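Note: the block below is my_file-v4.txt and it holds compact mmCIF, C-alpha atoms.
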# COMPACT_ATOMS: atom_id res chain seq x y z
CA TRP R 1 -21.50 -30.99 -4.18
CA LEU R 2 -18.49 -33.12 -3.33
CA CYS R 3 -15.03 -32.22 -4.63
CA ASP R 4 -11.45 -32.94 -3.68
CA PRO R 5 -10.08 -29.84 -1.91
CA LEU R 6 -6.57 -30.77 -3.05
CA LEU R 7 -7.73 -30.34 -6.63
CA GLY R 8 -9.08 -26.88 -5.98
CA GLY R 9 -12.72 -27.84 -5.35
CA VAL R 10 -15.04 -27.06 -2.49
CA CYS R 11 -15.86 -29.92 -0.17
CA GLU R 12 -19.22 -30.54 1.52
CA ARG R 13 -17.97 -29.59 4.96
CA ASP R 14 -16.82 -26.21 3.63
CA LEU R 15 -20.28 -25.49 2.24
CA ASN R 16 -21.89 -26.55 5.49
CA ARG R 17 -19.55 -24.37 7.47
CA MET R 18 -20.21 -21.38 5.22
CA SER R 19 -23.96 -21.71 5.57
CA GLY R 20 -24.01 -22.57 9.27
CA GLU R 21 -25.70 -20.25 11.74
CA GLU R 22 -22.65 -20.29 14.02
CA GLN R 23 -20.33 -18.84 11.41
CA ASP R 24 -18.40 -15.91 12.88
CA VAL R 25 -18.82 -13.44 10.05
CA THR R 26 -17.58 -10.50 12.05
CA SER R 27 -14.22 -12.08 12.89
CA HIS R 28 -13.55 -12.68 9.19
CA ILE R 29 -14.49 -9.20 8.04
CA PHE R 30 -12.63 -7.46 10.83
CA ALA R 31 -9.60 -9.73 11.08
CA GLY R 32 -6.73 -7.58 12.30
CA TRP R 33 -9.04 -4.69 13.16
CA GLN R 34 -8.86 -4.78 16.93
CA ARG R 35 -7.31 -7.03 19.53
CA GLY R 36 -9.73 -9.47 21.11
CA GLY R 37 -12.44 -8.87 18.52
CA ASP R 38 -13.77 -5.77 20.29
CA MET R 39 -15.75 -3.90 17.64
CA SER R 40 -17.02 -1.07 19.82
CA GLY R 41 -13.89 1.10 19.97
CA PRO R 42 -11.89 2.98 17.37
CA SER R 43 -10.67 1.10 14.33
CA PHE R 44 -7.03 0.51 13.46
CA TYR R 45 -4.88 -1.50 11.08
CA TRP R 46 -2.82 -4.20 12.77
CA GLN R 47 -1.05 -7.34 11.60
CA GLY R 48 -0.88 -8.91 15.04
CA ASN R 49 2.02 -9.91 17.28
CA ASP R 50 4.60 -7.11 17.55
CA THR R 51 3.51 -5.20 14.46
CA LEU R 52 2.41 -1.58 14.60
CA LYS R 53 -1.18 -0.54 15.24
CA VAL R 54 -2.22 2.30 12.97
CA PRO R 55 -5.40 4.21 13.89
CA ARG R 56 -7.81 4.63 10.98
CA SER R 57 -8.48 8.14 12.25
CA MET R 58 -5.21 9.04 10.54
CA HIS R 59 -7.05 9.13 7.23
CA ALA R 60 -9.70 11.54 8.49
CA GLN R 61 -6.83 13.88 9.40
CA ASN R 62 -5.40 13.39 5.91
CA ARG R 63 -8.74 14.34 4.38
CA GLN R 64 -8.85 17.49 6.48
CA ARG R 65 -5.38 18.40 5.27
CA LEU R 66 -6.52 17.83 1.68
CA VAL R 67 -9.55 20.13 1.87
CA SER R 68 -7.47 22.76 3.63
CA LEU R 69 -4.96 22.76 0.77
CA MET R 70 -7.70 22.72 -1.86
CA ASN R 71 -9.09 25.86 -0.19
CA LYS R 72 -12.52 25.42 -1.75
CA GLN R 73 -14.63 25.54 1.41
CA SER R 74 -16.91 28.16 -0.10
CA CYS R 75 -17.64 25.87 -3.05
CA LYS R 76 -20.31 23.20 -2.94
CA GLY R 77 -17.93 20.71 -4.47
CA VAL R 78 -17.00 17.07 -4.15
CA ALA R 79 -13.67 15.40 -4.82
CA LEU R 80 -14.08 11.96 -6.38
CA LEU R 81 -11.20 9.48 -6.46
CA LEU R 82 -10.83 6.08 -8.04
CA GLY R 83 -9.24 3.34 -5.94
CA GLY R 84 -7.07 0.54 -7.27
CA THR R 85 -8.73 -2.11 -9.41
CA SER R 86 -8.46 -5.88 -9.11
CA LYS R 87 -6.46 -7.59 -11.84
CA THR R 88 -6.02 -11.12 -13.11
CA ARG R 89 -2.95 -12.63 -14.73
CA ASP R 90 -3.46 -12.16 -18.47
CA ASP R 91 -6.55 -14.12 -19.57
CA SER R 92 -6.56 -16.48 -16.57
CA ASP R 93 -8.73 -16.32 -13.45
CA HIS R 94 -5.68 -16.03 -11.18
CA GLU R 95 -6.09 -12.86 -9.12
CA GLU R 96 -2.88 -10.98 -8.44
CA ILE R 97 -2.28 -9.84 -4.86
CA PHE R 98 -3.94 -6.46 -4.63
CA ARG R 99 -2.22 -3.35 -3.36
CA GLN R 100 -4.23 -0.15 -2.99
CA GLU R 101 -3.56 2.94 -5.12
CA SER R 102 -1.41 5.22 -2.96
CA ASN R 103 -3.49 8.42 -3.08
CA PHE R 104 -6.67 6.49 -2.35
CA HIS R 105 -4.98 4.77 0.58
CA TYR R 106 -3.78 8.12 1.92
CA LEU R 107 -7.32 9.47 2.04
CA PHE R 108 -9.35 6.38 2.93
CA GLY R 109 -7.08 3.51 4.10
CA VAL R 110 -9.24 0.96 2.29
CA ALA R 111 -7.69 -2.46 1.62
CA GLU R 112 -10.30 -3.77 -0.83
CA PRO R 113 -10.14 -3.21 -4.61
CA ASP R 114 -12.64 -1.62 -6.99
CA CYS R 115 -13.81 1.14 -4.64
CA LEU R 116 -14.28 4.87 -5.11
CA GLY R 117 -14.30 7.64 -2.56
CA ALA R 118 -15.87 11.08 -2.35
CA VAL R 119 -14.78 13.96 -0.11
CA ASP R 120 -16.93 17.01 0.55
CA VAL R 121 -14.45 19.85 -0.04
CA ARG R 122 -16.31 22.08 2.44
CA ASN R 123 -15.70 19.92 5.51
CA GLY R 124 -13.81 16.74 4.60
CA ALA R 125 -16.77 14.40 5.10
CA ALA R 126 -16.16 11.11 3.28
CA THR R 127 -18.41 8.74 1.40
CA LEU R 128 -16.99 5.39 0.38
CA PHE R 129 -18.39 3.49 -2.61
CA ILE R 130 -17.90 -0.27 -2.63
CA PRO R 131 -18.72 -2.85 -5.32
CA ARG R 132 -22.04 -4.66 -5.05
CA LEU R 133 -20.78 -8.26 -4.90
CA PRO R 134 -22.79 -11.26 -6.10
CA ALA R 135 -23.96 -13.81 -3.54
CA ASP R 136 -21.63 -16.54 -4.83
CA TYR R 137 -18.63 -14.33 -3.96
CA ALA R 138 -18.96 -15.61 -0.40
CA MET R 139 -18.39 -19.21 -1.47
CA TRP R 140 -14.91 -18.42 -2.77
CA MET R 141 -13.80 -15.34 -0.86
CA GLY R 142 -15.63 -15.46 2.45
CA PRO R 143 -18.51 -13.50 3.99
CA ILE R 144 -19.56 -10.31 2.24
CA ALA R 145 -19.19 -7.23 4.42
CA SER R 146 -22.20 -4.92 4.70
CA LEU R 147 -22.27 -1.17 4.21
CA GLU R 148 -22.34 -0.80 7.99
CA ASP R 149 -19.29 -3.06 8.32
CA PHE R 150 -17.30 -0.85 5.96
CA ALA R 151 -18.42 2.32 7.75
CA LYS R 152 -17.23 0.95 11.10
CA LYS R 153 -13.97 -0.45 9.76
CA TYR R 154 -12.88 2.64 7.86
CA GLU R 155 -14.52 5.33 10.00
CA VAL R 156 -16.14 7.23 7.13
CA GLU R 157 -19.34 9.21 7.31
CA ALA R 158 -21.22 7.12 4.75
CA VAL R 159 -20.86 4.01 2.59
CA ARG R 160 -22.83 3.28 -0.57
CA TYR R 161 -22.48 0.99 -3.57
CA VAL R 162 -20.56 2.01 -6.68
CA ASP R 163 -23.68 1.79 -8.82
CA GLU R 164 -25.24 4.47 -6.59
CA ILE R 165 -22.73 7.18 -7.51
CA PRO R 166 -25.08 8.84 -10.05
CA ALA R 167 -27.81 9.02 -7.40
CA PHE R 168 -25.34 10.37 -4.83
CA MET R 169 -24.25 13.11 -7.21
CA SER R 170 -27.82 13.99 -8.04
CA GLU R 171 -28.59 14.34 -4.32
CA PHE R 172 -25.41 16.28 -3.57
CA ALA R 173 -25.79 18.51 -6.66
CA PRO R 174 -22.19 19.76 -6.65
CA ASP R 175 -21.25 23.05 -8.25
CA THR R 176 -17.90 21.48 -9.13
CA LEU R 177 -16.68 17.92 -9.44
CA PHE R 178 -12.98 17.69 -8.56
CA LEU R 179 -11.27 14.81 -10.39
CA TYR R 180 -7.80 13.34 -10.01
CA GLU R 181 -6.14 13.80 -13.36
CA GLY R 182 -2.56 15.00 -13.56
CA VAL R 183 0.95 13.92 -14.46
CA ASN R 184 3.29 12.30 -11.93
CA THR R 185 6.46 14.39 -12.22
CA ASP R 186 8.63 11.37 -11.43
CA SER R 187 7.18 8.64 -13.66
CA ARG R 188 5.49 10.99 -16.16
CA ALA R 189 2.47 8.70 -15.99
CA LYS R 190 -0.98 10.27 -15.93
CA GLY R 191 -3.43 9.66 -13.12
CA THR R 192 -6.69 7.89 -13.90
CA PRO R 193 -9.78 9.97 -13.04
CA ALA R 194 -12.98 8.48 -11.70
CA THR R 195 -15.90 8.16 -14.09
CA PHE R 196 -19.60 7.44 -13.71
CA GLU R 197 -22.69 7.56 -15.85
CA GLY R 198 -23.98 11.07 -16.32
CA MET R 199 -20.87 12.88 -15.06
CA ASP R 200 -20.88 15.19 -18.08
CA LYS R 201 -23.75 17.04 -16.41
CA TYR R 202 -21.36 18.49 -13.83
CA ALA R 203 -18.64 21.11 -14.16
CA ALA R 204 -15.29 19.36 -13.67
CA ASP R 205 -12.01 20.66 -12.26
CA ARG R 206 -9.19 18.31 -13.31
CA GLU R 207 -6.22 20.13 -11.76
CA THR R 208 -6.90 21.22 -8.17
CA LEU R 209 -7.30 17.76 -6.63
CA HIS R 210 -4.12 16.35 -8.15
CA GLU R 211 -2.03 19.29 -6.95
CA ALA R 212 -3.56 19.28 -3.48
CA VAL R 213 -3.22 15.56 -2.77
CA TYR R 214 0.42 15.57 -3.87
CA GLU R 215 1.15 18.60 -1.70
CA ALA R 216 -0.68 17.00 1.22
CA ARG R 217 1.46 13.86 1.01
CA VAL R 218 4.74 15.81 1.00
CA ILE R 219 4.56 16.59 4.72
CA LYS R 220 3.86 13.59 6.93
CA SER R 221 1.90 13.65 10.15
CA GLU R 222 3.44 12.18 13.30
CA GLN R 223 1.27 9.07 12.85
CA GLU R 224 2.50 8.63 9.29
CA LEU R 225 6.10 9.06 10.42
CA GLU R 226 5.55 6.31 12.99
CA VAL R 227 4.40 3.95 10.24
CA MET R 228 7.45 4.85 8.14
CA ARG R 229 9.73 4.26 11.13
CA PHE R 230 8.25 0.81 11.62
CA ALA R 231 8.64 -0.06 7.93
CA ASN R 232 12.25 1.07 7.92
CA LYS R 233 13.12 -0.52 11.26
CA THR R 234 11.77 -3.87 10.08
CA SER R 235 13.48 -3.63 6.70
CA SER R 236 16.76 -2.63 8.38
CA ALA R 237 16.62 -5.69 10.59
CA ALA R 238 15.94 -7.80 7.49
CA HIS R 239 19.08 -6.41 5.83
CA VAL R 240 21.09 -7.38 8.91
CA ALA R 241 19.60 -10.88 8.76
CA VAL R 242 20.77 -11.14 5.15
CA MET R 243 24.30 -10.00 6.02
CA ARG R 244 24.58 -12.62 8.72
CA GLN R 245 23.68 -15.42 6.32
CA VAL R 246 25.67 -14.46 3.23
CA ARG R 247 28.31 -16.98 2.19
CA ALA R 248 30.30 -17.56 -0.99
CA GLY R 249 28.46 -19.98 -3.26
CA MET R 250 24.99 -18.68 -2.37
CA MET R 251 22.73 -17.35 -5.09
CA GLU R 252 21.66 -13.73 -5.16
CA TYR R 253 18.02 -14.73 -4.87
CA GLU R 254 18.73 -16.37 -1.52
CA MET R 255 19.45 -12.92 -0.13
CA GLU R 256 16.15 -11.67 -1.54
CA SER R 257 14.36 -14.67 -0.04
CA THR R 258 15.84 -14.08 3.43
CA PHE R 259 14.88 -10.42 3.30
CA LEU R 260 11.29 -11.05 2.26
CA HIS R 261 10.86 -13.80 4.85
CA HIS R 262 12.07 -11.58 7.69
CA CYS R 263 9.85 -8.65 6.67
CA TYR R 264 6.74 -10.79 6.40
CA SER R 265 7.32 -13.09 9.38
CA LYS R 266 8.45 -10.35 11.78
CA GLY R 267 6.66 -7.30 10.42
CA GLY R 268 3.56 -8.57 8.66
CA MET R 269 4.81 -6.77 5.54
CA ARG R 270 3.35 -8.59 2.54
CA HIS R 271 4.29 -6.07 -0.14
CA GLN R 272 7.65 -4.93 -1.43
CA ALA R 273 8.05 -1.21 -1.98
CA TYR R 274 9.86 -2.10 -5.21
CA THR R 275 11.52 -5.11 -6.86
CA ALA R 276 14.50 -6.29 -4.83
CA ILE R 277 17.94 -5.56 -6.29
CA CYS R 278 20.52 -8.10 -5.07
CA GLY R 279 23.65 -7.75 -7.18
CA CYS R 280 27.11 -9.19 -6.68
CA GLY R 281 30.20 -8.42 -8.74
CA PRO R 282 29.35 -6.56 -11.97
CA ASN R 283 25.60 -6.86 -11.29
CA ALA R 284 25.96 -4.35 -8.46
CA SER R 285 26.52 -1.58 -11.02
CA VAL R 286 23.19 -2.17 -12.81
CA LEU R 287 20.75 0.39 -11.39
CA HIS R 288 17.60 -1.73 -11.67
CA TYR R 289 19.06 -5.21 -11.65
CA GLY R 290 16.70 -7.92 -10.44
CA HIS R 291 14.12 -7.53 -13.19
CA ALA R 292 12.52 -10.48 -15.00
CA GLY R 293 15.38 -10.79 -17.47
CA ALA R 294 18.02 -10.79 -14.73
CA PRO R 295 16.22 -12.13 -11.64
CA ASN R 296 18.96 -12.01 -8.98
CA ASN R 297 20.38 -15.35 -10.14
CA ARG R 298 24.17 -15.02 -10.06
CA LYS R 299 26.31 -17.06 -7.67
CA LEU R 300 28.16 -15.04 -5.02
CA GLY R 301 31.94 -15.10 -5.29
CA GLY R 302 34.09 -15.00 -2.18
CA SER R 303 36.08 -11.93 -3.29
CA GLN R 304 33.10 -9.93 -4.54
CA MET R 305 31.09 -7.05 -3.13
CA VAL R 306 27.34 -7.30 -2.76
CA LEU R 307 24.90 -4.44 -3.25
CA ASN R 308 21.44 -5.03 -1.84
CA ASP R 309 18.74 -2.46 -2.53
CA MET R 310 15.57 -3.73 -0.84
CA GLY R 311 12.65 -2.27 1.08
CA ASN R 312 9.24 -3.54 2.08
CA GLU R 313 6.22 -1.49 3.02
CA TYR R 314 3.79 -1.49 5.93
CA TYR R 315 0.27 -0.20 5.39
CA CYS R 316 1.34 1.25 2.02
CA TYR R 317 4.19 3.27 3.59
CA ALA R 318 7.54 2.38 2.09
CA SER R 319 11.11 1.79 3.12
CA ASP R 320 14.03 2.09 0.71
CA ILE R 321 17.43 0.87 1.91
CA THR R 322 20.64 0.19 0.01
CA CYS R 323 23.77 -1.31 1.54
CA SER R 324 27.04 -2.77 0.25
CA PHE R 325 29.38 -5.26 1.90
CA PRO R 326 31.96 -7.90 0.97
CA VAL R 327 30.78 -11.49 0.62
CA SER R 328 33.75 -12.67 2.70
CA GLY R 329 32.96 -10.26 5.53
CA THR R 330 36.33 -8.51 5.13
CA PHE R 331 37.07 -5.53 2.86
CA THR R 332 40.10 -5.59 0.61
CA PRO R 333 42.08 -2.30 0.69
CA GLN R 334 40.55 -1.23 -2.63
CA GLN R 335 37.02 -2.13 -1.55
CA ARG R 336 37.45 -0.27 1.72
CA GLY R 337 38.75 2.86 -0.02
CA ILE R 338 35.76 3.08 -2.36
CA TYR R 339 33.28 2.18 0.38
CA GLU R 340 34.58 4.83 2.80
CA ALA R 341 34.66 7.52 0.09
CA VAL R 342 30.98 6.91 -0.71
CA LEU R 343 30.11 6.69 2.98
CA ASP R 344 31.85 10.02 3.68
CA ALA R 345 29.93 11.69 0.85
CA THR R 346 26.66 10.25 2.16
CA VAL R 347 27.30 11.52 5.68
CA GLN R 348 28.13 14.99 4.37
CA VAL R 349 24.95 15.16 2.32
CA MET R 350 22.82 14.05 5.27
CA SER R 351 24.47 16.62 7.54
CA ALA R 352 23.60 19.31 4.98
CA LEU R 353 19.88 18.53 5.07
CA ARG R 354 17.93 21.67 5.98
CA PRO R 355 14.32 22.81 5.56
CA GLY R 356 14.16 24.69 2.28
CA GLY R 357 17.40 23.18 0.99
CA GLU R 358 17.88 22.31 -2.67
CA GLY R 359 18.45 18.70 -3.65
CA PHE R 360 20.82 19.52 -6.48
CA ALA R 361 22.96 21.63 -4.16
CA MET R 362 23.43 18.71 -1.81

What would you get if you wrote out this structure as structure tokens?
Amino acid sequence: WLCDPLLGGVCERDLNRMSGEEQDVTSHIFAGWQRGGDMSGPSFYWQGNDTLKVPRSMHAQNRQRLVSLMNKQSCKGVALLLGGTSKTRDDSDHEEIFRQESNFHYLFGVAEPDCLGAVDVRNGAATLFIPRLPADYAMWMGPIASLEDFAKKYEVEAVRYVDEIPAFMSEFAPDTLFLYEGVNTDSRAKGTPATFEGMDKYAADRETLHEAVYEARVIKSEQELEVMRFANKTSSAAHVAVMRQVRAGMMEYEMESTFLHHCYSKGGMRHQAYTAICGCGPNASVLHYGHAGAPNNRKLGGSQMVLNDMGNEYYCYASDITCSFPVSGTFTPQQRGIYEAVLDATVQVMSALRPGGEGFAM
């Protein structure tokens, strides 16, 4: 099969390389897992260079926190969660860049889509369920990882295929099946529970898991805080890089571009925590400017203020940073007065932060 690679085909040398005995399957599957390709030690997430190494053991600790909060150790129960699903653009075959569902990431740290995970509520033991991929997947997406590969990479007790969930449940015989189904108090969107054939045979609790996983995520472990510090440190440096390059006559999207480039090139941060808001002049007063209908495309005026609200994420942990500054680099008296009033209020609120404090009071 001979095709022009520039036209999106697969050339003969690619097929030969993919079928060759010397193909390094392990290096592909575990890219970024450990420095030097050592697969014998503990697993961690790492984007190389000066990016942060995050031990996968963090998720086992998160699972222990979950079962502790669920407080169902005396129940022979299993919590079943649905991971994020792969999506294509409308009716095309273009796959959008996948980002894992946040609760699933918190408990399992899995990068791949279309997985499910089960947690034994008695002891926190985890079973990961992965899709059974067809053989031709390897031609387009690279070598297919085995069950053992996934178990090593994500440090879970067991890995099975998604189509084996009914058999797993039959073997486990849970008294209660805990499903994630509740309302996000911020977005008011409802969580999507996991489903499988024959689940109506089991008693289902659709409240406990949602409440426990949200409560678990409220208080961060020291390892989680370290990830958040890295995300915010990198995003802060990206904001500074933007400030240094801003000039009158630039377009707002150039600031967004500089920010994204710095986060990805210096921090390995592929995903934005939210859509970048880069507003100058009147656009700075629009809370969620930067959307598809107003895509950061106004020219910066020399006398205007800029408001940049941008944050990227590392390993699904977000940063969220907003800053304002004059395009010219020098505040006018009016700009300075407003800026310092807001800054003073911000400092006072931050100094009032206390455990148990009320947000509305601050």

Can you write out as a Markdown table which residues of segment 179-265 of chain R fall within 10 Å of segment 100-114 of chain R, alongside each residue's closest atom pair and its distance in Å to one decimal, counting all atoms listed in the file and ordering rows by chain and ascending residue number?
| residue | atom | partner | partner_atom | distance |
| --- | --- | --- | --- | --- |
| R:Tyr180 | CA | R:Asn103 | CA | 9.5 |
| R:His210 | CA | R:Asn103 | CA | 9.4 |
| R:Val213 | CA | R:Asn103 | CA | 7.2 |
| R:Tyr214 | CA | R:Asn103 | CA | 8.2 |
| R:Ala216 | CA | R:Tyr106 | CA | 9.4 |
| R:Arg217 | CA | R:Tyr106 | CA | 7.8 |
| R:Glu224 | CA | R:Tyr106 | CA | 9.7 |

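If you look at atom CA of Tyr315 of chain R and atom CA of Arg89 of chain R, they are 23.9 Å away from each other.
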
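Non-sequential neighbours of Phe172 of chain R (distance at most 10 Å, separation of 5 or more positions within a chain, only C-alpha atoms) are R:Lys76, R:Gly77, R:Val78, R:Asp120, R:Pro166, R:Ala167.
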
Selection near segment 282-292 of chain R, 10 Å with only C-alpha atoms, sequence-local residues under 4 positions removed, as a PyMOL selection string: chain R and resi 252-253+256+275-278+296-298+304-309+324

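Going from atom CA of Tyr137 of chain R over to atom CA of Thr192 of chain R, you cover 27.1 Å.
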
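Comparing the minimum interatomic distances between Tyr317 of chain R and each of R:Gln272, R:Val240, R:Arg188, R:Ile144, counting only C-alpha atoms, we find that R:Gln272 sits nearest.
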
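For the pair atom CA of His59 of chain R and atom CA of Tyr154 of chain R, the separation is 8.7 Å.
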
Compile the contact shell of Asp200 of chain R as a list in words: residues with an atom at most 12 Å away, counting all atoms listed in the file, same-chain residues fewer than 3 positions apart removed. Pro166, Met169, Thr176, Leu177, Thr195, Phe196, Glu197, Ala203, Ala204 and Asp205 of chain R

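Nearest residue to Gly83 of chain R, choosing from R:Gly191, R:Val183, R:Ala361, R:Arg65 and counting only C-alpha atoms: R:Gly191.
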
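Excluding Ser68 of chain R itself and any same-chain residue fewer than 5 positions from it, the protein and nucleic acid residues within 12 Å of it, counting all atoms listed in the file, are R:Gln61, R:Asn62, R:Arg63, R:Gln73, R:Ser74, R:Asp120, R:Val121, R:Arg122, R:Asn123, R:Gly124, R:Thr208, R:Leu209, R:Ala212, R:Val213, R:Glu215, R:Ala216.
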
Using C-alpha atoms, can you export the residues from the last selection as a compact mmCIF listing (two decimals), in the coordinates of the input?
# COMPACT_ATOMS: atom_id res chain seq x y z
CA GLN R 61 -6.83 13.88 9.40
CA ASN R 62 -5.40 13.39 5.91
CA ARG R 63 -8.74 14.34 4.38
CA GLN R 73 -14.63 25.54 1.41
CA SER R 74 -16.91 28.16 -0.10
CA ASP R 120 -16.93 17.01 0.55
CA VAL R 121 -14.45 19.85 -0.04
CA ARG R 122 -16.31 22.08 2.44
CA ASN R 123 -15.70 19.92 5.51
CA GLY R 124 -13.81 16.74 4.60
CA THR R 208 -6.90 21.22 -8.17
CA LEU R 209 -7.30 17.76 -6.63
CA ALA R 212 -3.56 19.28 -3.48
CA VAL R 213 -3.22 15.56 -2.77
CA GLU R 215 1.15 18.60 -1.70
CA ALA R 216 -0.68 17.00 1.22

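Once segment 129-136 of chain R and its same-chain neighbours fewer than 2 positions away are set aside, Cys115, Leu116, Gly117, Ala138, Met139, Val159, Arg160, Tyr161 and Val162 of chain R remain within 6 Å of it when counting all atoms listed in the file.
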
From the list R:Glu96, R:Glu313, R:Asp90, R:Glu164, which residue is nearest Met269 of chain R when using all atoms listed in the file? R:Glu313

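Proximity ranking of R:Ala341, R:Ala194, R:Leu300, R:Val54 relative to Phe230 of chain R places R:Val54 first, based on all atoms listed in the file.
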
Could you add the missing atoms to segment 89-104 of chain R, up to N, CA and C atoms, and return them as a PDB file, keeping the file's coordinate frame?
ATOM      1  N   ARG R  89      -4.135 -12.392 -13.904  1.00  0.00           N
ATOM      2  CA  ARG R  89      -2.950 -12.630 -14.730  1.00  0.00           C
ATOM      3  C   ARG R  89      -3.390 -12.949 -16.158  1.00  0.00           C
ATOM      4  N   ASP R  90      -3.119 -12.009 -17.056  1.00  0.00           N
ATOM      5  CA  ASP R  90      -3.460 -12.160 -18.470  1.00  0.00           C
ATOM      6  C   ASP R  90      -4.918 -12.601 -18.627  1.00  0.00           C
ATOM      7  N   ASP R  91      -5.167 -13.694 -19.355  1.00  0.00           N
ATOM      8  CA  ASP R  91      -6.550 -14.120 -19.570  1.00  0.00           C
ATOM      9  C   ASP R  91      -6.970 -15.252 -18.630  1.00  0.00           C
ATOM     10  N   SER R  92      -6.212 -15.434 -17.537  1.00  0.00           N
ATOM     11  CA  SER R  92      -6.560 -16.480 -16.570  1.00  0.00           C
ATOM     12  C   SER R  92      -7.473 -15.914 -15.496  1.00  0.00           C
ATOM     13  N   ASP R  93      -7.914 -16.785 -14.571  1.00  0.00           N
ATOM     14  CA  ASP R  93      -8.730 -16.320 -13.450  1.00  0.00           C
ATOM     15  C   ASP R  93      -7.887 -16.168 -12.178  1.00  0.00           C
ATOM     16  N   HIS R  94      -6.569 -16.206 -12.337  1.00  0.00           N
ATOM     17  CA  HIS R  94      -5.680 -16.030 -11.180  1.00  0.00           C
ATOM     18  C   HIS R  94      -5.639 -14.556 -10.795  1.00  0.00           C
ATOM     19  N   GLU R  95      -6.092 -14.238  -9.594  1.00  0.00           N
ATOM     20  CA  GLU R  95      -6.090 -12.860  -9.120  1.00  0.00           C
ATOM     21  C   GLU R  95      -4.744 -12.517  -8.502  1.00  0.00           C
ATOM     22  N   GLU R  96      -4.142 -11.457  -8.996  1.00  0.00           N
ATOM     23  CA  GLU R  96      -2.880 -10.980  -8.440  1.00  0.00           C
ATOM     24  C   GLU R  96      -3.141 -10.374  -7.055  1.00  0.00           C
ATOM     25  N   ILE R  97      -2.135 -10.423  -6.189  1.00  0.00           N
ATOM     26  CA  ILE R  97      -2.280  -9.840  -4.860  1.00  0.00           C
ATOM     27  C   ILE R  97      -2.497  -8.338  -5.014  1.00  0.00           C
ATOM     28  N   PHE R  98      -3.569  -7.858  -4.443  1.00  0.00           N
ATOM     29  CA  PHE R  98      -3.940  -6.460  -4.630  1.00  0.00           C
ATOM     30  C   PHE R  98      -3.209  -5.554  -3.660  1.00  0.00           C
ATOM     31  N   ARG R  99      -2.805  -4.406  -4.187  1.00  0.00           N
ATOM     32  CA  ARG R  99      -2.220  -3.350  -3.360  1.00  0.00           C
ATOM     33  C   ARG R  99      -2.920  -2.050  -3.736  1.00  0.00           C
ATOM     34  N   GLN R 100      -3.416  -1.332  -2.738  1.00  0.00           N
ATOM     35  CA  GLN R 100      -4.230  -0.150  -2.990  1.00  0.00           C
ATOM     36  C   GLN R 100      -3.456   0.977  -3.669  1.00  0.00           C
ATOM     37  N   GLU R 101      -4.137   1.743  -4.506  1.00  0.00           N
ATOM     38  CA  GLU R 101      -3.560   2.940  -5.120  1.00  0.00           C
ATOM     39  C   GLU R 101      -3.175   3.909  -4.008  1.00  0.00           C
ATOM     40  N   SER R 102      -1.995   4.498  -4.092  1.00  0.00           N
ATOM     41  CA  SER R 102      -1.410   5.220  -2.960  1.00  0.00           C
ATOM     42  C   SER R 102      -2.219   6.437  -2.524  1.00  0.00           C
ATOM     43  N   ASN R 103      -2.717   7.237  -3.457  1.00  0.00           N
ATOM     44  CA  ASN R 103      -3.490   8.420  -3.080  1.00  0.00           C
ATOM     45  C   ASN R 103      -4.804   8.033  -2.423  1.00  0.00           C
ATOM     46  N   PHE R 104      -5.417   6.972  -2.925  1.00  0.00           N
ATOM     47  CA  PHE R 104      -6.670   6.490  -2.350  1.00  0.00           C
ATOM     48  C   PHE R 104      -6.420   5.965  -0.932  1.00  0.00           C
TER      49      PHE R 104
END
